[in-house]
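A.B. asks: Okay, here's the structure, questions in a sec.
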Amino acid sequence: MKNRQQIILVIILFFACTIYSQQKVIGVNWKKSTVDKDFDITKIFNKETGLKISNKEFEILVQQNPNLFLEREIDKAGNVIRYLYDNNNPNGKNNLSTNSDTSTMEPFPNFNLTTLSGTKIELSKLNGKIVILRFELSATDFHFKKQEIEELDEQINALENKNAVKAIIIFQCSESDVRKGFDLENSNFELVANGQNFMDKYGISRYPYTLLIDQKGNLIAEYSHSEDIILKEQLNK
């Protein structure tokens, strides 16, 4: 009996690892796969009822649908609170931005980031500042987009009070990759690595992508092209 339980547990964990290698479209012809290394089978809930799904129920669901999709509910620090199973959308079709809370001119959900230098940044403590929140996949090809960051840095440095702006880049890749790839000196941008959960939380599916948050913490604009950002205009509003 004990051996049978161990075998079932191994099967469940195998399926768990399998389903949490998921693909997301990030443009017209590009896709990325992500693996949730910290997947916790005890955090699976039914989205409709709010009830926890047992290991046995989860095993049956995966046997019925090996491509089972679980939506991730993520807190302000980028941690997965729980996984939600939607019986009406078991494959996650047309669901790339399920967790997105980003709607313009509404309070942007609070976040708590830790930069590569160890600095803690919490949105709720940035009142009075405009926040540039840029999302990048990899730092290895950063030299292709370096000019965009340089131009934003120029705008920030030209302000009478550059401290009125908090500039952040969240990278999907690891800390070591960011340190190797981001070679700008004296940049105003603070860097965050391993940001996949934040990208999922805010429904970011195209890269690079930039959000602009005003002095009151409201999302005021979203940009696929950073050259459209004019900070002086935003500060004068």
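A note on labels: chains of the structure tokens are A, B, ... as shown, every chain counts residues from 1, and ligands are counted from 1 in their shown order.
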Show which residues sit within 6 Å of Phe69 in chain A, as an NGL selection string. Count only C-alpha atoms, and ignore same-chain residues fewer than 5 positions away.
C.D. replies: :A and (90-92)
A.B. asks: Do you know which residues are at most 10 Å from Leu70 in chain A counting only C-alpha atoms, after dropping those on the same chain fewer than 6 positions away, and could you put them as a list in words?
C.D. replies: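 So, after excluding close chain neighbours, the residues are Ile19, Tyr20, Gln22, Ile44, Phe45, Asn46, Lys47, Arg82, Tyr83, Leu84, Tyr85, Asp86, Asn89, Pro90, Asn91 and Gly92 of chain A.
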A.B. asks: Selection from above, all heavy atoms, as a CSV table (one decimal), in the first residue's frame, can you write it?
C.D. replies:
```csv
chain,number,residue,atom,x,y,z
A,19,ILE,N,2.7,20.2,-16.6
A,19,ILE,CA,1.8,21.2,-17.0
A,19,ILE,C,2.3,22.6,-16.7
A,19,ILE,O,1.9,23.6,-17.3
A,19,ILE,CB,0.4,21.0,-16.2
A,19,ILE,CG1,0.6,21.3,-14.8
A,19,ILE,CG2,-0.2,19.7,-16.5
A,19,ILE,CD1,-0.7,21.5,-14.1
A,20,TYR,N,3.3,22.7,-15.7
A,20,TYR,CA,3.8,24.0,-15.5
A,20,TYR,C,5.0,24.3,-16.3
A,20,TYR,O,5.9,25.1,-15.9
A,20,TYR,CB,3.9,24.3,-14.0
A,20,TYR,CG,2.9,25.4,-13.8
A,20,TYR,CD1,1.6,25.1,-13.6
A,20,TYR,CD2,3.3,26.7,-13.9
A,20,TYR,CE1,0.6,26.0,-13.5
A,20,TYR,CE2,2.3,27.7,-13.8
A,20,TYR,CZ,1.0,27.4,-13.6
A,20,TYR,OH,0.1,28.3,-13.6
A,22,GLN,N,4.8,26.1,-19.5
A,22,GLN,CA,3.7,26.7,-20.4
A,22,GLN,C,4.3,27.6,-21.4
A,22,GLN,O,5.3,28.3,-21.2
A,22,GLN,CB,2.7,27.4,-19.5
A,22,GLN,CG,2.2,26.5,-18.4
A,22,GLN,CD,0.7,26.4,-18.4
A,22,GLN,OE1,0.0,27.0,-19.2
A,22,GLN,NE2,0.1,25.7,-17.4
A,44,ILE,N,-3.6,24.4,-5.2
A,44,ILE,CA,-4.5,24.4,-6.3
A,44,ILE,C,-5.9,24.5,-5.8
A,44,ILE,O,-6.4,23.8,-5.0
A,44,ILE,CB,-4.3,23.1,-7.1
A,44,ILE,CG1,-2.8,22.9,-7.5
A,44,ILE,CG2,-5.2,23.1,-8.3
A,44,ILE,CD1,-2.6,21.5,-8.2
A,45,PHE,N,-6.6,25.5,-6.4
A,45,PHE,CA,-8.0,25.7,-6.0
A,45,PHE,C,-8.9,25.8,-7.3
A,45,PHE,O,-8.4,26.1,-8.4
A,45,PHE,CB,-8.1,27.1,-5.3
A,45,PHE,CG,-7.5,27.1,-3.9
A,45,PHE,CD1,-6.1,27.2,-3.8
A,45,PHE,CD2,-8.3,26.9,-2.8
A,45,PHE,CE1,-5.6,27.1,-2.5
A,45,PHE,CE2,-7.7,26.9,-1.5
A,45,PHE,CZ,-6.4,27.0,-1.4
A,46,ASN,N,-10.2,25.5,-7.1
A,46,ASN,CA,-11.2,25.7,-8.1
A,46,ASN,C,-11.5,27.2,-8.2
A,46,ASN,O,-11.9,27.8,-7.2
A,46,ASN,CB,-12.4,24.8,-7.8
A,46,ASN,CG,-13.4,24.9,-8.9
A,46,ASN,OD1,-13.9,25.9,-9.3
A,46,ASN,ND2,-13.7,23.7,-9.4
A,47,LYS,N,-11.3,27.8,-9.4
A,47,LYS,CA,-11.6,29.2,-9.6
A,47,LYS,C,-13.0,29.6,-9.3
A,47,LYS,O,-13.3,30.6,-8.7
A,47,LYS,CB,-11.1,29.6,-11.0
A,47,LYS,CG,-11.3,31.1,-11.2
A,47,LYS,CD,-10.7,31.5,-12.6
A,47,LYS,CE,-10.8,33.0,-12.8
A,47,LYS,NZ,-10.2,33.5,-14.1
A,82,ARG,N,-1.6,31.1,-5.1
A,82,ARG,CA,-2.3,29.8,-5.3
A,82,ARG,C,-2.5,29.7,-6.9
A,82,ARG,O,-2.3,30.6,-7.6
A,82,ARG,CB,-3.7,29.8,-4.7
A,82,ARG,CG,-4.6,30.9,-5.0
A,82,ARG,CD,-5.9,30.8,-4.3
A,82,ARG,NE,-6.9,31.9,-4.7
A,82,ARG,CZ,-8.2,31.9,-4.4
A,82,ARG,NH1,-8.7,30.9,-3.7
A,82,ARG,NH2,-8.9,32.9,-4.8
A,83,TYR,N,-2.8,28.4,-7.3
A,83,TYR,CA,-3.1,28.1,-8.7
A,83,TYR,C,-4.6,27.9,-8.8
A,83,TYR,O,-5.2,27.2,-8.0
A,83,TYR,CB,-2.3,26.9,-9.1
A,83,TYR,CG,-0.8,27.0,-8.9
A,83,TYR,CD1,-0.2,26.6,-7.7
A,83,TYR,CD2,0.0,27.5,-9.9
A,83,TYR,CE1,1.2,26.7,-7.5
A,83,TYR,CE2,1.4,27.6,-9.7
A,83,TYR,CZ,1.9,27.2,-8.5
A,83,TYR,OH,3.3,27.3,-8.3
A,84,LEU,N,-5.2,28.4,-9.9
A,84,LEU,CA,-6.6,28.4,-10.0
A,84,LEU,C,-7.0,27.5,-11.3
A,84,LEU,O,-6.5,27.8,-12.4
A,84,LEU,CB,-7.2,29.8,-10.2
A,84,LEU,CG,-6.9,30.7,-9.0
A,84,LEU,CD1,-7.5,32.1,-9.4
A,84,LEU,CD2,-7.5,30.2,-7.7
A,85,TYR,N,-7.8,26.5,-11.0
A,85,TYR,CA,-8.3,25.7,-12.1
A,85,TYR,C,-9.6,26.2,-12.6
A,85,TYR,O,-10.5,26.3,-11.8
A,85,TYR,CB,-8.4,24.2,-11.7
A,85,TYR,CG,-9.2,23.4,-12.7
A,85,TYR,CD1,-8.7,23.1,-13.9
A,85,TYR,CD2,-10.4,22.9,-12.3
A,85,TYR,CE1,-9.4,22.3,-14.8
A,85,TYR,CE2,-11.2,22.1,-13.2
A,85,TYR,CZ,-10.7,21.8,-14.5
A,85,TYR,OH,-11.4,21.1,-15.4
A,86,ASP,N,-9.8,26.5,-13.9
A,86,ASP,CA,-11.0,27.0,-14.4
A,86,ASP,C,-11.6,25.9,-15.3
A,86,ASP,O,-11.1,25.6,-16.4
A,86,ASP,CB,-10.7,28.3,-15.2
A,86,ASP,CG,-12.0,29.0,-15.7
A,86,ASP,OD1,-13.1,28.4,-15.6
A,86,ASP,OD2,-11.9,30.1,-16.3
A,89,ASN,N,-12.3,26.9,-18.8
A,89,ASN,CA,-11.2,27.2,-19.7
A,89,ASN,C,-10.0,26.3,-19.3
A,89,ASN,O,-9.0,26.8,-18.8
A,89,ASN,CB,-10.9,28.7,-19.5
A,89,ASN,CG,-9.9,29.1,-20.6
A,89,ASN,OD1,-9.7,28.5,-21.6
A,89,ASN,ND2,-9.2,30.3,-20.4
A,90,PRO,N,-10.1,25.0,-19.4
A,90,PRO,CA,-9.1,24.1,-18.9
A,90,PRO,C,-7.8,24.2,-19.7
A,90,PRO,O,-6.7,23.7,-19.2
A,90,PRO,CB,-9.7,22.7,-19.1
A,90,PRO,CG,-10.7,22.9,-20.2
A,90,PRO,CD,-11.2,24.3,-20.0
A,91,ASN,N,-7.8,24.7,-20.9
A,91,ASN,CA,-6.5,24.8,-21.7
A,91,ASN,C,-6.0,26.2,-21.7
A,91,ASN,O,-5.0,26.4,-22.4
A,91,ASN,CB,-6.8,24.3,-23.1
A,91,ASN,CG,-7.1,22.8,-23.1
A,91,ASN,OD1,-6.5,22.0,-22.5
A,91,ASN,ND2,-8.2,22.4,-23.8
A,92,GLY,N,-6.6,27.1,-21.1
A,92,GLY,CA,-6.1,28.5,-21.0
A,92,GLY,C,-6.1,29.2,-22.3
A,92,GLY,O,-5.3,30.1,-22.6
```
A.B. asks: Give me, as a ChimeraX atom specification, all polymer residues having an atom no more than 9 Å from range 155-157 of chain A, counting only C-alpha atoms and skipping those fewer than 3 positions away in the same chain.
C.D. replies: /A:150-152,160-165,167,188,230-232
A.B. asks: Just N, CA, C and O atoms for this one: save the residues we selected as a compact mmCIF listing (two decimals), in the first residue's frame.
C.D. replies:
```txt
# COMPACT_ATOMS: atom_id res chain seq x y z
N GLU A 150 19.06 54.77 -23.09
CA GLU A 150 19.89 55.98 -23.08
C GLU A 150 19.04 57.23 -23.32
O GLU A 150 19.24 58.27 -22.66
N GLU A 151 18.08 57.12 -24.23
CA GLU A 151 17.21 58.27 -24.52
C GLU A 151 16.31 58.60 -23.34
O GLU A 151 16.07 59.78 -23.03
N LEU A 152 15.82 57.57 -22.66
CA LEU A 152 15.01 57.82 -21.46
C LEU A 152 15.87 58.42 -20.35
O LEU A 152 15.43 59.31 -19.61
N GLU A 160 14.34 69.23 -14.16
CA GLU A 160 14.80 70.07 -13.07
C GLU A 160 14.98 69.25 -11.79
O GLU A 160 15.87 69.52 -10.99
N ASN A 161 14.10 68.29 -11.61
CA ASN A 161 14.18 67.41 -10.44
C ASN A 161 14.11 65.96 -10.91
O ASN A 161 13.02 65.40 -11.05
N LYS A 162 15.24 65.37 -11.18
CA LYS A 162 15.26 64.00 -11.68
C LYS A 162 14.78 62.99 -10.65
O LYS A 162 14.39 61.87 -10.99
N ASN A 163 14.77 63.41 -9.38
CA ASN A 163 14.27 62.52 -8.34
C ASN A 163 12.76 62.36 -8.38
O ASN A 163 12.18 61.58 -7.62
N ALA A 164 12.11 63.14 -9.26
CA ALA A 164 10.66 63.02 -9.42
C ALA A 164 10.29 61.79 -10.24
O ALA A 164 9.10 61.50 -10.41
N VAL A 165 11.29 61.07 -10.73
CA VAL A 165 11.06 59.89 -11.56
C VAL A 165 11.77 58.69 -10.95
O VAL A 165 12.94 58.77 -10.55
N ALA A 167 12.77 54.98 -12.18
CA ALA A 167 12.87 54.16 -13.39
C ALA A 167 13.31 52.75 -13.04
O ALA A 167 14.32 52.57 -12.36
N ASN A 188 19.82 55.75 -14.71
CA ASN A 188 18.83 56.00 -13.67
C ASN A 188 17.96 54.77 -13.39
O ASN A 188 17.22 54.75 -12.40
N ILE A 230 7.15 60.99 -23.23
CA ILE A 230 7.67 62.35 -23.04
C ILE A 230 7.42 62.72 -21.57
O ILE A 230 6.31 63.10 -21.18
N LEU A 231 8.46 62.62 -20.77
CA LEU A 231 8.31 62.77 -19.34
C LEU A 231 7.88 64.17 -18.91
O LEU A 231 7.08 64.33 -17.99
N LYS A 232 8.40 65.20 -19.57
CA LYS A 232 8.05 66.57 -19.19
C LYS A 232 6.55 66.80 -19.28
O LYS A 232 5.94 67.45 -18.42
```
A.B. asks: Using only C-alpha atoms, which residues sit within 7 Å of Ala193 in chain A once same-chain residues fewer than 4 positions away are excluded, as a list of chain:residue names?
C.D. replies: A:Ile170, A:Phe171, A:Gln172, A:Cys173, A:Ser174, A:Glu175, A:Val178
A.B. asks: Need the shell around Thr210 in chain A: protein/DNA/RNA residues with any atom at most 6 Å away, counting only C-alpha atoms. Skip same-chain ones fewer than 2 positions apart. Format as number ranges by chain?
C.D. replies: A: 133-134, 222-223
A.B. asks: If you run DSSP on the backbone, which residues of range 65-231 of chain A are helix (DSSP H, G or I), as JSON, numbers by chain?
C.D. replies: {"A": [123, 124, 125, 142, 143, 144, 146, 147, 148, 149, 150, 151, 152, 153, 154, 155, 156, 157, 162, 163, 164, 175, 176, 177, 178, 179, 180, 181, 196, 197, 198, 199, 200, 201, 226, 227, 228, 231]}
A.B. asks: How many Å separate CA of Asn197 in chain A from CA of Ile74 in chain A?
C.D. replies: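 Between CA of Asn197 in chain A and CA of Ile74 in chain A the gap works out to 6.9 Å.
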A.B. asks: May I have the residues within 12 Å of range 116-119 of chain A as a list in words, using only C-alpha atoms and disregarding those fewer than 2 positions away in the same chain?
C.D. replies: Asn112, Leu113, Thr114, Ile121, Glu122, Ile168, Ile169, Ile170, Phe171, Ser174, Glu175, Ser176, Asp177, Val178, Arg179, Phe182, Phe189, Glu190, Leu191, Val192, Ala193, Asn194 and Gly195 of chain A
A.B. asks: Between CA of Asn87 in chain A and CA of Ile41 in chain A, what is the distance in Å, rounded to a tenth?
C.D. replies: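 Interatomic distance here is 17.5 Å.
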A.B. asks: Based on the backbone DSSP call, show me all residues of range 137-230 of chain A assigned strand (DSSP E or B), as a list of chain:residue names.
C.D. replies: A:Val165, A:Lys166, A:Ala167, A:Ile168, A:Ile169, A:Ile170, A:Phe171, A:Phe189, A:Glu190, A:Leu191, A:Val192, A:Tyr209, A:Thr210, A:Leu211, A:Leu212, A:Ile213, A:Asn218, A:Leu219, A:Ile220, A:Ala221, A:Glu222, A:Tyr223
A.B. asks: Can you write just those residues out, N, CA and C atoms, as a tab-separated table (two decimals), in the first residue's frame?
C.D. replies:
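Final file, part.tsv:
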```tsv
chain	number	residue	atom	x	y	z
A	165	VAL	N	11.29	61.07	-10.73
A	165	VAL	CA	11.06	59.89	-11.56
A	165	VAL	C	11.77	58.69	-10.95
A	166	LYS	N	11.06	57.57	-10.86
A	166	LYS	CA	11.67	56.29	-10.47
A	166	LYS	C	11.61	55.38	-11.68
A	167	ALA	N	12.77	54.98	-12.18
A	167	ALA	CA	12.87	54.16	-13.39
A	167	ALA	C	13.31	52.75	-13.04
A	168	ILE	N	12.57	51.77	-13.52
A	168	ILE	CA	12.82	50.36	-13.16
A	168	ILE	C	12.73	49.49	-14.41
A	169	ILE	N	13.64	48.55	-14.53
A	169	ILE	CA	13.52	47.51	-15.57
A	169	ILE	C	13.40	46.16	-14.87
A	170	ILE	N	12.35	45.42	-15.21
A	170	ILE	CA	12.17	44.06	-14.71
A	170	ILE	C	12.54	43.10	-15.83
A	171	PHE	N	13.58	42.30	-15.60
A	171	PHE	CA	14.02	41.31	-16.58
A	171	PHE	C	13.45	39.94	-16.22
A	189	PHE	N	18.05	53.77	-14.26
A	189	PHE	CA	17.19	52.60	-14.12
A	189	PHE	C	17.73	51.63	-13.07
A	190	GLU	N	16.84	51.20	-12.19
A	190	GLU	CA	17.17	50.16	-11.23
A	190	GLU	C	16.72	48.83	-11.83
A	191	LEU	N	17.50	47.78	-11.59
A	191	LEU	CA	17.32	46.51	-12.29
A	191	LEU	C	16.79	45.42	-11.37
A	192	VAL	N	15.82	44.67	-11.91
A	192	VAL	CA	15.23	43.55	-11.18
A	192	VAL	C	15.33	42.31	-12.05
A	209	TYR	N	8.20	46.19	-23.07
A	209	TYR	CA	6.93	46.86	-22.85
A	209	TYR	C	7.08	47.75	-21.63
A	210	THR	N	6.52	48.96	-21.71
A	210	THR	CA	6.74	49.93	-20.65
A	210	THR	C	5.42	50.48	-20.14
A	211	LEU	N	5.28	50.53	-18.82
A	211	LEU	CA	4.12	51.12	-18.18
A	211	LEU	C	4.55	52.42	-17.51
A	212	LEU	N	3.67	53.41	-17.55
A	212	LEU	CA	3.94	54.68	-16.90
A	212	LEU	C	2.88	54.89	-15.82
A	213	ILE	N	3.36	55.10	-14.59
A	213	ILE	CA	2.49	55.25	-13.42
A	213	ILE	C	2.67	56.65	-12.87
A	218	ASN	N	-1.47	55.83	-10.23
A	218	ASN	CA	-2.39	55.38	-11.28
A	218	ASN	C	-1.62	55.04	-12.55
A	219	LEU	N	-2.01	53.96	-13.19
A	219	LEU	CA	-1.45	53.64	-14.50
A	219	LEU	C	-2.02	54.62	-15.51
A	220	ILE	N	-1.15	55.37	-16.17
A	220	ILE	CA	-1.63	56.40	-17.10
A	220	ILE	C	-1.34	56.08	-18.56
A	221	ALA	N	-0.38	55.18	-18.82
A	221	ALA	CA	-0.08	54.87	-20.22
A	221	ALA	C	0.71	53.58	-20.31
A	222	GLU	N	0.57	52.91	-21.48
A	222	GLU	CA	1.33	51.70	-21.78
A	222	GLU	C	1.99	51.89	-23.14
A	223	TYR	N	3.25	51.50	-23.25
A	223	TYR	CA	4.02	51.77	-24.46
A	223	TYR	C	4.72	50.52	-24.98
```
A.B. asks: Which value, in Å to one decimal, gives the distance between CA of Lys125 in chain A and CA of Gln196 in chain A?
C.D. replies: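 According to the coordinates, CA of Lys125 in chain A and CA of Gln196 in chain A are separated by 22.9 Å.
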A.B. asks: I'd like to know which of A:Lys145, A:Lys129, A:Arg206, A:Lys180 is closest to Leu235 in chain A, using only C-alpha atoms.
C.D. replies: A:Lys129
